[in-house]
$ cat start.tsv   # TSV, C-alpha atoms and all ligand atoms
chain	number	residue	atom	x	y	z
A	1155	LEU	CA	20.80	19.74	22.89
A	1156	ARG	CA	22.20	16.21	22.66
A	1157	SER	CA	24.82	16.83	25.31
A	1158	GLU	CA	22.22	18.51	27.53
A	1159	ALA	CA	19.99	15.44	27.08
A	1160	ARG	CA	22.90	13.17	28.07
A	1161	THR	CA	23.62	15.28	31.17
A	1162	ARG	CA	19.99	14.98	32.25
A	1163	GLY	CA	19.86	11.23	31.62
A	1164	LEU	CA	17.31	11.65	28.83
A	1165	TYR	CA	19.45	10.50	25.92
A	1166	HIS	CA	18.21	7.29	24.32
A	1167	LEU	CA	15.34	7.14	26.76
A	1168	PHE	CA	12.94	6.05	24.03
A	1169	SER	CA	15.17	3.25	22.85
A	1170	ALA	CA	15.36	1.67	26.26
A	1171	THR	CA	11.71	0.59	26.40
A	1172	GLY	CA	12.75	-3.05	25.96
A	1173	ALA	CA	15.32	-2.95	28.77
A	1174	ASP	CA	14.53	-4.74	32.04
A	1175	ASP	CA	15.31	-1.65	34.12
A	1176	PHE	CA	13.21	0.72	32.01
A	1177	PRO	CA	11.78	3.17	34.55
A	1178	PHE	CA	8.49	4.22	32.88
A	1179	SER	CA	5.11	2.64	32.26
A	1180	THR	CA	3.75	2.71	28.70
A	1181	LEU	CA	1.32	5.39	29.82
A	1182	GLN	CA	4.04	7.65	31.22
A	1183	PHE	CA	6.14	7.03	28.18
A	1184	ALA	CA	3.27	7.95	25.85
A	1185	GLU	CA	2.94	11.27	27.66
A	1186	LEU	CA	6.64	11.93	27.10
A	1187	ALA	CA	6.20	11.11	23.41
A	1188	GLU	CA	3.56	13.83	23.13
A	1189	ILE	CA	6.00	16.42	24.48
A	1190	THR	CA	8.61	15.46	21.88
A	1191	GLY	CA	5.99	15.73	19.12
A	1192	TYR	CA	5.67	19.44	19.84
A	1193	SER	CA	9.10	19.81	18.20
A	1194	PRO	CA	9.08	16.82	15.86
A	1195	PHE	CA	12.21	17.67	13.89
A	1196	LEU	CA	14.52	18.50	16.79
A	1197	ALA	CA	13.36	16.59	19.84
A	1198	GLN	CA	13.82	13.04	18.60
A	1199	ASP	CA	17.31	13.76	17.30
A	1200	ALA	CA	18.26	15.67	20.47
A	1201	LEU	CA	17.06	12.75	22.61
A	1202	GLY	CA	18.78	10.10	20.47
A	1203	SER	CA	15.48	8.48	19.61
A	1204	LEU	CA	15.32	8.75	15.84
A	1205	ASN	CA	13.37	6.04	14.04
A	1206	PRO	CA	14.13	3.29	13.41
A	1207	ASP	CA	17.12	3.14	15.81
A	1208	ALA	CA	14.76	3.26	18.79
A	1209	GLU	CA	12.80	0.24	17.47
A	1210	VAL	CA	15.98	-1.67	16.51
A	1211	ILE	CA	17.56	-1.11	19.92
A	1212	ASN	CA	14.31	-2.23	21.49
A	1213	LEU	CA	14.32	-5.43	19.40
A	1214	LEU	CA	17.96	-6.13	20.33
A	1215	HIS	CA	17.13	-5.65	24.02
A	1216	ARG	CA	14.29	-8.15	23.79
A	1217	PHE	CA	15.50	-10.73	21.29
A	1218	GLY	CA	19.23	-10.23	20.67
A	1219	SER	CA	21.66	-13.01	21.56
A	1220	ASP	CA	24.63	-12.06	23.77
A	1221	VAL	CA	26.81	-11.92	20.65
A	1222	GLN	CA	24.34	-9.71	18.77
A	1223	ARG	CA	23.96	-7.36	21.70
A	1224	GLY	CA	27.75	-7.19	22.10
A	1225	GLN	CA	28.20	-6.45	18.42
A	1226	TRP	CA	25.50	-3.82	17.95
A	1227	LEU	CA	23.66	-2.66	21.03
A	1228	ALA	CA	26.15	-0.43	22.84
A	1229	ARG	CA	27.29	1.35	19.66
A	1230	LEU	CA	23.68	1.92	18.57
A	1231	ALA	CA	22.65	3.10	22.02
A	1232	ASP	CA	25.60	5.53	22.17
A	1233	GLY	CA	24.62	6.94	18.78
A	1234	ASP	CA	27.98	5.93	17.24
A	1235	ILE	CA	26.21	3.97	14.50
A	1236	GLY	CA	22.73	3.96	12.98
A	1237	SER	CA	20.38	1.30	11.64
A	1238	ALA	CA	17.53	0.76	9.16
A	1239	LEU	CA	14.49	-1.51	9.11
A	1240	CYS	CA	14.02	-3.12	5.69
A	1241	ILE	CA	10.48	-4.45	5.33
A	1242	THR	CA	8.79	-2.66	2.39
A	1243	GLU	CA	9.37	-4.02	-1.12
A	1244	PRO	CA	8.79	-2.17	-4.39
A	1245	GLY	CA	6.96	-4.92	-6.24
A	1246	VAL	CA	4.30	-6.05	-3.75
A	1247	ALA	CA	1.72	-4.54	-1.38
A	1248	SER	CA	3.86	-4.24	1.71
A	1249	SER	CA	0.85	-3.52	3.93
A	1250	ASP	CA	0.39	-7.27	3.72
A	1251	PRO	CA	3.77	-8.58	4.91
A	1252	ALA	CA	2.75	-12.18	4.15
A	1253	GLY	CA	3.33	-11.37	0.47
A	1254	LEU	CA	6.90	-10.07	0.87
A	1255	THR	CA	9.26	-11.98	-1.39
A	1256	THR	CA	12.87	-11.25	-0.37
A	1257	ARG	CA	14.30	-14.74	0.18
A	1258	ALA	CA	16.94	-15.94	2.63
A	1259	THR	CA	17.83	-19.48	1.63
A	1260	GLU	CA	19.67	-21.65	4.14
A	1261	ARG	CA	22.92	-23.18	2.88
A	1262	ASP	CA	25.85	-24.56	4.89
A	1263	ASN	CA	25.15	-22.76	8.17
A	1264	GLU	CA	24.45	-19.49	6.44
A	1265	PHE	CA	21.65	-17.66	4.66
A	1266	LEU	CA	21.93	-16.51	1.07
A	1267	MET	CA	19.72	-13.47	0.62
A	1268	ASN	CA	18.20	-12.16	-2.60
A	1269	GLY	CA	15.56	-9.49	-3.10
A	1270	GLU	CA	14.75	-5.81	-3.14
A	1271	LYS	CA	13.63	-3.43	-0.39
A	1272	SER	CA	12.46	0.17	-0.62
A	1273	TRP	CA	11.75	3.17	1.62
A	1274	ALA	CA	14.28	2.07	4.24
A	1275	LEU	CA	14.62	5.12	6.46
A	1276	GLY	CA	18.12	5.69	7.80
A	1277	ALA	CA	19.93	3.25	5.51
A	1278	LEU	CA	21.67	6.04	3.58
A	1279	SER	CA	22.86	7.89	6.66
A	1280	PRO	CA	26.68	7.84	6.83
A	1281	LEU	CA	26.31	6.42	10.35
A	1282	CYS	CA	24.22	3.44	9.26
A	1283	GLU	CA	25.99	0.11	9.84
A	1284	LEU	CA	23.12	-2.30	10.49
A	1285	LEU	CA	20.17	-3.36	8.34
A	1286	VAL	CA	17.40	-5.36	10.00
A	1287	VAL	CA	15.83	-7.23	7.10
A	1288	LEU	CA	12.55	-9.15	7.02
A	1289	ALA	CA	13.10	-12.09	4.67
A	1290	LEU	CA	11.28	-15.26	3.74
A	1291	THR	CA	13.25	-18.11	5.32
A	1292	ASP	CA	10.58	-20.83	5.28
A	1293	PRO	CA	8.26	-20.51	2.29
A	1294	GLY	CA	5.07	-22.52	2.51
A	1295	PRO	CA	1.43	-22.05	3.36
A	1296	ARG	CA	2.32	-20.00	6.46
A	1297	HIS	CA	4.78	-17.71	4.59
A	1298	CYS	CA	7.30	-17.72	7.41
A	1299	HIS	CA	9.51	-14.66	7.48
A	1300	SER	CA	12.43	-14.05	9.80
A	1301	LEU	CA	14.38	-10.99	10.89
A	1302	LEU	CA	18.06	-11.01	9.92
A	1303	LEU	CA	20.83	-8.66	11.01
A	1304	VAL	CA	22.79	-7.65	7.91
A	1305	PRO	CA	25.88	-5.41	8.06
A	1306	ARG	CA	25.25	-2.49	5.74
A	1307	ARG	CA	28.63	-3.04	4.08
A	1308	ALA	CA	28.13	-6.77	3.45
A	1309	ALA	CA	29.08	-7.89	-0.06
A	1310	GLY	CA	26.08	-7.81	-2.39
A	1311	VAL	CA	24.19	-4.96	-0.63
A	1312	GLN	CA	23.57	-2.40	-3.35
A	1313	PHE	CA	21.91	1.02	-2.89
A	1314	GLY	CA	19.72	2.78	-5.45
A	1315	GLU	CA	18.19	6.27	-5.55
A	1316	ALA	CA	16.74	7.73	-2.33
A	1317	SER	CA	12.96	8.31	-2.27
A	1318	SER	CA	11.32	11.49	-1.04
A	1319	PHE	CA	7.76	12.15	0.14
A	1320	PHE	CA	6.01	15.39	-0.87
A	1321	GLY	CA	9.52	16.61	-1.71
A	1322	TYR	CA	10.86	15.89	1.79
A	1323	ARG	CA	13.94	13.71	1.83
A	1324	ASN	CA	14.29	13.33	5.60
A	1325	GLU	CA	17.84	14.60	5.33
A	1326	ALA	CA	18.64	14.01	9.01
A	1327	ARG	CA	18.30	10.29	8.28
A	1328	GLY	CA	19.90	10.35	4.81
A	1329	GLY	CA	16.59	9.80	2.97
A	1330	MET	CA	14.65	6.60	2.30
A	1331	ALA	CA	16.76	3.95	0.57
A	1332	HIS	CA	16.10	1.52	-2.22
A	1333	ILE	CA	18.29	-1.54	-1.59
A	1334	ARG	CA	19.05	-4.65	-3.61
A	1335	PHE	CA	20.34	-7.79	-1.92
A	1336	ASN	CA	22.32	-9.79	-4.47
A	1337	ASN	CA	23.48	-13.13	-3.03
A	1338	VAL	CA	24.20	-11.51	0.32
A	1339	LYS	CA	25.60	-14.06	2.79
A	1340	VAL	CA	24.95	-13.85	6.52
A	1341	PRO	CA	25.63	-16.52	9.15
A	1342	GLN	CA	22.75	-18.36	10.83
A	1343	SER	CA	23.63	-16.43	13.99
A	1344	ALA	CA	22.31	-13.32	12.20
A	1345	LEU	CA	18.72	-14.43	12.99
A	1346	LEU	CA	17.07	-11.96	15.37
A	1347	GLY	CA	14.36	-13.67	17.41
A	1348	PRO	CA	12.77	-17.02	16.57
A	1349	ARG	CA	13.10	-18.31	13.03
A	1350	GLY	CA	9.89	-17.98	10.98
A	1351	GLU	CA	8.40	-15.52	13.47
A	1352	GLY	CA	9.91	-12.32	12.15
A	1353	LEU	CA	6.55	-10.61	11.75
A	1354	ALA	CA	5.47	-11.34	15.32
A	1355	THR	CA	8.93	-10.37	16.60
A	1356	ALA	CA	8.84	-7.04	14.74
A	1357	GLN	CA	5.33	-6.37	16.05
A	1358	THR	CA	6.48	-6.48	19.69
A	1359	SER	CA	8.38	-3.27	18.99
A	1360	LEU	CA	6.29	-1.79	16.17
A	1361	GLY	CA	2.98	-2.22	18.08
A	1362	PRO	CA	3.82	0.11	20.99
A	1363	ALA	CA	5.80	2.30	18.56
A	1364	ARG	CA	2.50	2.99	16.74
A	1365	LEU	CA	1.09	4.46	19.94
A	1366	PHE	CA	4.16	6.63	20.42
A	1367	HIS	CA	3.85	7.85	16.82
A	1368	CYS	CA	0.23	8.75	17.63
A	1369	MET	CA	1.28	10.67	20.74
A	1370	ARG	CA	3.99	12.54	18.83
A	1371	LEU	CA	1.38	13.48	16.24
A	1372	ILE	CA	-0.86	14.78	19.04
A	1373	GLY	CA	2.04	16.96	20.23
A	1374	ALA	CA	2.47	18.23	16.68
A	1375	ALA	CA	-1.28	18.91	16.41
A	1376	GLU	CA	-1.14	20.92	19.67
A	1377	ARG	CA	1.56	23.04	18.11
A	1378	ALA	CA	-0.50	23.48	14.93
A	1379	LEU	CA	-3.54	24.53	16.98
A	1380	ARG	CA	-1.43	27.06	18.91
A	1381	LEU	CA	-0.22	28.54	15.59
A	1382	LEU	CA	-3.80	28.51	14.25
A	1383	CYS	CA	-5.12	30.41	17.29
A	1384	ASN	CA	-2.32	32.99	17.10
A	1385	ARG	CA	-2.88	33.57	13.43
A	1386	ALA	CA	-6.68	33.67	13.65
A	1387	SER	CA	-6.43	36.20	16.50
A	1388	SER	CA	-4.00	38.48	14.70
A	1389	ARG	CA	-5.16	38.31	11.06
A	1390	SER	CA	-8.14	40.43	10.08
A	1391	VAL	CA	-10.44	40.06	7.12
A	1392	GLY	CA	-13.32	42.48	6.49
A	1393	GLY	CA	-12.09	44.55	9.45
A	1394	GLU	CA	-12.45	41.70	11.97
A	1395	PRO	CA	-9.90	39.15	13.16
A	1396	LEU	CA	-10.58	35.62	11.91
A	1397	VAL	CA	-11.62	34.57	15.41
A	1398	ARG	CA	-14.61	36.89	15.21
A	1399	HIS	CA	-15.90	34.81	12.33
A	1400	GLY	CA	-18.07	32.00	13.66
A	1401	LEU	CA	-16.62	29.57	11.14
A	1402	TRP	CA	-13.15	29.88	12.66
A	1403	LEU	CA	-14.44	29.56	16.21
A	1404	ASP	CA	-16.13	26.36	15.16
A	1405	ARG	CA	-12.94	25.08	13.54
A	1406	ILE	CA	-10.88	25.88	16.65
A	1407	ALA	CA	-13.44	24.05	18.79
A	1408	GLU	CA	-13.43	21.08	16.41
A	1409	ALA	CA	-9.62	20.98	16.48
A	1410	ARG	CA	-9.59	20.90	20.30
A	1411	ILE	CA	-12.28	18.17	20.32
A	1412	ARG	CA	-10.31	16.00	17.86
A	1413	ILE	CA	-7.07	16.41	19.82
A	1414	GLU	CA	-8.78	15.48	23.09
A	1415	GLN	CA	-10.44	12.46	21.47
A	1416	ALA	CA	-7.11	11.37	19.98
A	1417	ARG	CA	-5.29	11.71	23.30
A	1418	ALA	CA	-8.02	9.93	25.29
A	1419	VAL	CA	-8.03	7.00	22.86
A	1420	THR	CA	-4.25	6.66	22.76
A	1421	LEU	CA	-3.62	7.01	26.49
A	1422	GLY	CA	-6.45	4.54	27.13
A	1423	VAL	CA	-4.69	1.95	24.98
A	1424	ALA	CA	-1.35	2.67	26.68
A	1425	ALA	CA	-3.04	2.02	30.05
A	1426	THR	CA	-4.43	-1.28	28.69
A	1427	ILE	CA	-0.91	-2.39	27.73
A	1428	ASP	CA	0.30	-1.62	31.26
A	1429	ALA	CA	-2.62	-3.41	32.91
A	1430	HIS	CA	-3.15	-6.41	30.62
A	1431	GLY	CA	-0.19	-6.70	28.22
A	1432	LEU	CA	0.32	-6.03	24.53
A	1433	SER	CA	-1.95	-8.73	23.14
A	1434	ALA	CA	-4.95	-7.34	25.06
A	1435	ALA	CA	-4.33	-3.96	23.42
A	1436	ARG	CA	-4.06	-5.06	19.78
A	1437	THR	CA	-7.48	-3.84	18.71
A	1438	GLY	CA	-6.98	-0.64	20.67
A	1439	ILE	CA	-3.67	0.01	18.90
A	1440	SER	CA	-5.44	-0.45	15.55
A	1441	LEU	CA	-8.23	1.87	16.68
A	1442	ALA	CA	-5.75	4.58	17.72
A	1443	LYS	CA	-3.72	4.14	14.54
A	1444	ALA	CA	-6.85	4.36	12.36
A	1445	PHE	CA	-8.07	7.48	14.15
A	1446	VAL	CA	-5.18	9.67	15.30
A	1447	PRO	CA	-3.30	10.36	12.02
A	1448	SER	CA	-6.47	11.50	10.21
A	1449	ALA	CA	-7.75	13.46	13.24
A	1450	THR	CA	-4.44	15.30	13.66
A	1451	GLU	CA	-4.00	15.73	9.91
A	1452	TRP	CA	-7.31	17.64	9.89
A	1453	VAL	CA	-6.13	19.95	12.69
A	1454	ILE	CA	-2.83	20.66	10.89
A	1455	ASP	CA	-4.72	21.21	7.62
A	1456	MET	CA	-6.94	23.84	9.27
A	1457	ALA	CA	-3.84	25.56	10.67
A	1458	ILE	CA	-2.42	25.65	7.14
A	1459	GLN	CA	-5.73	27.06	5.86
A	1460	ALA	CA	-5.68	29.87	8.44
A	1461	HIS	CA	-2.15	30.83	7.37
A	1462	GLY	CA	-2.83	30.96	3.62
A	1463	SER	CA	0.39	30.60	1.60
A	1464	ASP	CA	2.53	31.02	4.72
A	1465	GLY	CA	1.05	27.76	5.97
A	1466	MET	CA	2.69	25.89	3.12
A	1467	SER	CA	6.06	27.63	3.34
A	1468	HIS	CA	9.11	26.21	4.99
A	1469	GLU	CA	9.20	29.18	7.39
A	1470	LEU	CA	6.60	27.38	9.50
A	1471	PRO	CA	6.59	23.69	10.49
A	1472	LEU	CA	3.00	23.13	9.32
A	1473	ALA	CA	3.68	21.74	5.85
A	1474	ALA	CA	6.28	19.31	7.16
A	1475	ILE	CA	4.14	18.02	10.02
A	1476	TRP	CA	1.14	17.70	7.69
A	1477	ALA	CA	3.27	15.55	5.34
A	1478	TRP	CA	4.35	13.44	8.31
A	1479	ALA	CA	0.75	12.96	9.52
A	1480	ARG	CA	-0.32	12.07	5.98
A	1481	THR	CA	2.30	9.33	5.63
A	1482	LEU	CA	1.12	7.76	8.88
A	1483	ARG	CA	-2.27	7.11	7.31
A	1484	PHE	CA	-0.68	4.23	5.41
A	1485	SER	CA	2.78	3.53	6.82
A	1486	ASP	CA	2.82	1.22	9.86
A	1487	GLY	CA	-0.37	-0.27	8.46
A	1488	PRO	CA	-2.88	1.67	6.32
A	1489	ASP	CA	-6.05	3.11	7.84
A	1490	GLU	CA	-8.08	0.51	5.94
A	1491	ALA	CA	-6.26	-2.46	7.50
A	1492	HIS	CA	-6.52	-1.04	11.01
A	1493	ARG	CA	-10.23	-0.25	10.55
A	1494	MET	CA	-10.74	-3.80	9.32
A	1495	ALA	CA	-9.09	-5.11	12.50
A	1496	VAL	CA	-11.41	-2.94	14.61
A	1497	ALA	CA	-14.48	-4.13	12.66
A	1498	ARG	CA	-13.49	-7.80	12.98
A	1499	ALA	CA	-13.04	-7.43	16.73
A	1500	GLU	CA	-16.45	-5.75	16.93
A	1501	LEU	CA	-18.12	-8.53	14.93
A	1502	LYS	CA	-16.46	-11.13	17.12
A	1503	ARG	CA	-17.68	-9.31	20.20
A	1504	GLY	CA	-21.23	-9.29	18.75
A	1505	ALA	CA	-21.00	-12.99	17.90
A	1506	ASP	CA	-19.79	-13.80	21.43
A	1507	ARG	CA	-22.71	-11.81	22.88
A	1508	SER	CA	-25.34	-13.45	20.72
A	1509	THR	CA	-23.90	-16.89	21.53
A	1510	GLY	CA	-24.23	-15.99	25.19
A	1511	LEU	CA	-27.82	-14.88	24.77
A	1512	LYS	CA	-28.83	-18.04	22.92
A	1513	SER	CA	-27.42	-20.19	25.67
A	1514	GLY	CA	-29.21	-18.05	28.25
A	1515	ALA	CA	-26.01	-16.77	29.84
A	1516	GLN	CA	-26.38	-12.98	30.20
B	1	LIG	C1	8.39	8.65	5.31
B	1	LIG	C2	8.31	7.16	5.14
B	1	LIG	C3	9.20	6.36	5.86
B	1	LIG	C4	9.15	4.97	5.69
B	1	LIG	N1	10.05	4.21	6.38
B	1	LIG	C5	10.11	2.88	6.14
B	1	LIG	C6	11.16	2.09	6.75
B	1	LIG	O1	12.01	2.58	7.48
B	1	LIG	N2	11.20	0.77	6.44
B	1	LIG	C7	10.28	0.18	5.61
B	1	LIG	O2	10.37	-1.01	5.39
B	1	LIG	N3	9.27	0.91	5.03
B	1	LIG	C8	9.18	2.25	5.27
B	1	LIG	N4	8.20	3.01	4.67
B	1	LIG	C9	7.26	2.38	3.76
B	1	LIG	C10	5.88	2.16	4.36
B	1	LIG	O3	5.96	1.39	5.54
B	1	LIG	C11	4.99	1.48	3.29
B	1	LIG	O4	4.80	2.42	2.25
B	1	LIG	C12	3.66	1.03	3.86
B	1	LIG	O5	3.85	-0.10	4.66
B	1	LIG	C13	2.63	0.71	2.76
B	1	LIG	O6	3.14	-0.23	1.87
B	1	LIG	P1	3.04	0.06	0.30
B	1	LIG	O7	3.64	1.37	0.01
B	1	LIG	O8	3.56	-1.16	-0.41
B	1	LIG	O9	1.49	0.23	0.00
B	1	LIG	P2	0.45	-0.93	-0.35
B	1	LIG	O10	0.60	-2.07	0.58
B	1	LIG	O11	0.50	-1.20	-1.81
B	1	LIG	O12	-0.91	-0.21	0.03
B	1	LIG	C14	-1.41	0.89	-0.76
B	1	LIG	C15	-2.82	1.16	-0.35
B	1	LIG	O13	-3.64	-0.01	-0.53
B	1	LIG	C16	-4.72	0.05	0.37
B	1	LIG	N5	-4.74	-1.14	1.24
B	1	LIG	C17	-3.69	-1.82	1.75
B	1	LIG	N6	-4.14	-2.83	2.54
B	1	LIG	C18	-5.48	-2.79	2.52
B	1	LIG	C19	-6.51	-3.56	3.13
B	1	LIG	N7	-6.23	-4.59	3.95
B	1	LIG	N8	-7.80	-3.22	2.86
B	1	LIG	C20	-8.11	-2.18	2.04
B	1	LIG	N9	-7.18	-1.43	1.44
B	1	LIG	C21	-5.88	-1.71	1.68
B	1	LIG	C22	-4.48	1.28	1.29
B	1	LIG	O14	-5.23	2.38	0.79
B	1	LIG	C23	-2.99	1.52	1.13
B	1	LIG	O15	-2.61	2.86	1.42
B	1	LIG	C24	8.21	4.38	4.82
B	1	LIG	C25	7.31	5.20	4.11
B	1	LIG	C26	7.36	6.58	4.27
B	1	LIG	C27	6.43	7.44	3.45
$ encode --input "start.tsv" --output "structure tokens"
Amino acid sequence: LRSEARTRGLYHLFSATGADDFPFSTLQFAELAEITGYSPFLAQDALGSLNPDAEVINLLHRFGSDVQRGQWLARLADGDIGSALCITEPGVASSDPAGLTTRATERDNEFLMNGEKSWALGALSPLCELLVVLALTDPGPRHCHSLLLVPRRAAGVQFGEASSFFGYRNEARGGMAHIRFNNVKVPQSALLGPRGEGLATAQTSLGPARLFHCMRLIGAAERALRLLCNRASSRSVGGEPLVRHGLWLDRIAEARIRIEQARAVTLGVAATIDAHGLSAARTGISLAKAFVPSATEWVIDMAIQAHGSDGMSHELPLAAIWAWARTLRFSDGPDEAHRMAVARAELKRGADRSTGLKSGAQ
């Protein structure tokens, strides 16, 4: 499949979103992401767009210096090496990146890094050569973190046990790594993007990536609904197929409604990015991220329910895609934080309106 994707010019398509000559709008790209979600465990690998390589390549396109691009970009884009994004830490709430404690202290034109990261997807893959680490370079009231490019084999990088989620180890990516950084030295030139603005830099890639995750989930939910309909049409209880029971008709209708809502919301935000830029779409991205994982999780859950025990087996993809949807309710920002962002924007909108009314401007 990989070589077929290369022949058709589709390989690494997803990673190229930061490139100047990228041929698709965000909206078109989101629609492609949905198609890949229909086969979530083959398509991304076949297209060379496994996370987090796609995001890392995107960051290098946008923020890498010539030297950094020369060192990493081509090899990553060709799939010769892999990468990992190291943001989460075991000891603190990583949903709030301001509290992350891994330190990179400046000393004689280099940074000395100390700290611990967890859940780094891809870091244990034999191909992984590059860690993109979010570290505190400028402690102070603004908690300024920076992104640093750290060779995986740098002295002082120490790997612990891999983590699994619901028993899944994400074998294709080598599992999720626990990493200690013990006096790891990297040159100042390892800074990716502006110093002290690592969070904002990461967001330029992670923001749109959230939408693409949502679209992939919608593709996966479509697949779950197809399986649900097939099963409910062919399995009989009390002498009647499930689809003759009003309850299951209602569930199928509800599943279709949730998928259509999820797609409309997500594509609407993608169109906003194309028309008005990323910052105009921030609340929309939060809205989609707060809505789509739980909406699609419900659809997949109903498909599991219709299949009984088979729904939880590894013969069908339902258990694995449910686990994936479930993790997206807190990774890349928990539902609560995204809902809070939506509520704050709404309150601000209300305040702006009432200010306008008081001053007579309607
Ligand atoms: C499959 C998988 C792959 C991952 N890949 C990576 C990776 O490649 N790199 C990486 O760095 N990390 C990765 N992670 C980790 C993931 O990004 C973090 O688990 C996530 O950011 C949440 O951080 P935390 O676990 O510290 O939870 P916490 O921050 O402790 O949050 C726990 C809970 O607290 C509540 N909460 C948090 N904030 C708020 C709020 N503002 N208001 C109300 N309640 C709130 C929510 O219910 C939340 O779920 C991965 C995780 C999984 C499961």
$ residues_around --input "start.tsv" --residues "region 1260-1263 of chain A" --least-positions-apart "4" --cutoff "8 Å" --atoms "only C-alpha atoms" --output "MDAnalysis selection string"
chainID A and resid 1291 1341:1342
$ write_last_selection --input "start.tsv" --atoms "C-alpha atoms" --output "short mmCIF file (atom, residue, chain, number, x, y, z; two decimals), keeping the file's coordinate frame"
data_model
loop_
_atom_site.label_atom_id
_atom_site.label_comp_id
_atom_site.auth_asym_id
_atom_site.auth_seq_id
_atom_site.Cartn_x
_atom_site.Cartn_y
_atom_site.Cartn_z
CA THR A 1291 13.25 -18.11 5.32
CA PRO A 1341 25.63 -16.52 9.15
CA GLN A 1342 22.75 -18.36 10.83
#
$ atom_distance --input "start.tsv" --atom1 "CA of His1166 (chain A)" --atom2 "CA of Leu1204 (chain A)"
9.1 Å
$ atom_distance --input "start.tsv" --atom1 "CA of Thr1481 (chain A)" --atom2 "CA of Pro1280 (chain A)"
24.5 Å
$ closest_residue --input "start.tsv" --among "A:Leu1345, A:Gly1392, A:Gly1276, A:Ala1326" --to "Val1304 (chain A)" --atoms "only C-alpha atoms"
A:Leu1345
$ closest_residue --input "start.tsv" --among "A:Asn1384, A:Ser1343, A:Ser1317, A:Thr1420" --to "Leu1441 (chain A)" --atoms "only C-alpha atoms"
A:Thr1420
$ residues_near_ligand --input "start.tsv" --ligand "ligand LIG 1 (chain B)" --cutoff "9 Å" --atoms "all atoms listed in the file" --output "PDB file with C-alpha atoms, in the frame of the given file"
ATOM      1  CA  ASN A1205      13.370   6.040  14.040  1.00  0.00           C
ATOM      2  CA  PRO A1206      14.130   3.290  13.410  1.00  0.00           C
ATOM      3  CA  ALA A1238      17.530   0.760   9.160  1.00  0.00           C
ATOM      4  CA  LEU A1239      14.490  -1.510   9.110  1.00  0.00           C
ATOM      5  CA  CYS A1240      14.020  -3.120   5.690  1.00  0.00           C
ATOM      6  CA  ILE A1241      10.480  -4.450   5.330  1.00  0.00           C
ATOM      7  CA  THR A1242       8.790  -2.660   2.390  1.00  0.00           C
ATOM      8  CA  GLU A1243       9.370  -4.020  -1.120  1.00  0.00           C
ATOM      9  CA  PRO A1244       8.790  -2.170  -4.390  1.00  0.00           C
ATOM     10  CA  GLY A1245       6.960  -4.920  -6.240  1.00  0.00           C
ATOM     11  CA  VAL A1246       4.300  -6.050  -3.750  1.00  0.00           C
ATOM     12  CA  ALA A1247       1.720  -4.540  -1.380  1.00  0.00           C
ATOM     13  CA  SER A1248       3.860  -4.240   1.710  1.00  0.00           C
ATOM     14  CA  SER A1249       0.850  -3.520   3.930  1.00  0.00           C
ATOM     15  CA  ASP A1250       0.390  -7.270   3.720  1.00  0.00           C
ATOM     16  CA  PRO A1251       3.770  -8.580   4.910  1.00  0.00           C
ATOM     17  CA  LYS A1271      13.630  -3.430  -0.390  1.00  0.00           C
ATOM     18  CA  SER A1272      12.460   0.170  -0.620  1.00  0.00           C
ATOM     19  CA  TRP A1273      11.750   3.170   1.620  1.00  0.00           C
ATOM     20  CA  ALA A1274      14.280   2.070   4.240  1.00  0.00           C
ATOM     21  CA  LEU A1275      14.620   5.120   6.460  1.00  0.00           C
ATOM     22  CA  GLY A1276      18.120   5.690   7.800  1.00  0.00           C
ATOM     23  CA  ALA A1277      19.930   3.250   5.510  1.00  0.00           C
ATOM     24  CA  VAL A1287      15.830  -7.230   7.100  1.00  0.00           C
ATOM     25  CA  LEU A1288      12.550  -9.150   7.020  1.00  0.00           C
ATOM     26  CA  SER A1317      12.960   8.310  -2.270  1.00  0.00           C
ATOM     27  CA  SER A1318      11.320  11.490  -1.040  1.00  0.00           C
ATOM     28  CA  PHE A1319       7.760  12.150   0.140  1.00  0.00           C
ATOM     29  CA  TYR A1322      10.860  15.890   1.790  1.00  0.00           C
ATOM     30  CA  ARG A1323      13.940  13.710   1.830  1.00  0.00           C
ATOM     31  CA  ASN A1324      14.290  13.330   5.600  1.00  0.00           C
ATOM     32  CA  GLY A1329      16.590   9.800   2.970  1.00  0.00           C
ATOM     33  CA  MET A1330      14.650   6.600   2.300  1.00  0.00           C
ATOM     34  CA  ALA A1331      16.760   3.950   0.570  1.00  0.00           C
ATOM     35  CA  ALA A1477       3.270  15.550   5.340  1.00  0.00           C
ATOM     36  CA  TRP A1478       4.350  13.440   8.310  1.00  0.00           C
ATOM     37  CA  ARG A1480      -0.320  12.070   5.980  1.00  0.00           C
ATOM     38  CA  THR A1481       2.300   9.330   5.630  1.00  0.00           C
ATOM     39  CA  LEU A1482       1.120   7.760   8.880  1.00  0.00           C
ATOM     40  CA  ARG A1483      -2.270   7.110   7.310  1.00  0.00           C
ATOM     41  CA  PHE A1484      -0.680   4.230   5.410  1.00  0.00           C
ATOM     42  CA  SER A1485       2.780   3.530   6.820  1.00  0.00           C
ATOM     43  CA  ASP A1486       2.820   1.220   9.860  1.00  0.00           C
ATOM     44  CA  GLY A1487      -0.370  -0.270   8.460  1.00  0.00           C
ATOM     45  CA  PRO A1488      -2.880   1.670   6.320  1.00  0.00           C
ATOM     46  CA  ASP A1489      -6.050   3.110   7.840  1.00  0.00           C
ATOM     47  CA  GLU A1490      -8.080   0.510   5.940  1.00  0.00           C
ATOM     48  CA  ALA A1491      -6.260  -2.460   7.500  1.00  0.00           C
ATOM     49  CA  HIS A1492      -6.520  -1.040  11.010  1.00  0.00           C
ATOM     50  CA  ARG A1493     -10.230  -0.250  10.550  1.00  0.00           C
ATOM     51  CA  MET A1494     -10.740  -3.800   9.320  1.00  0.00           C
TER      52      MET A1494
END
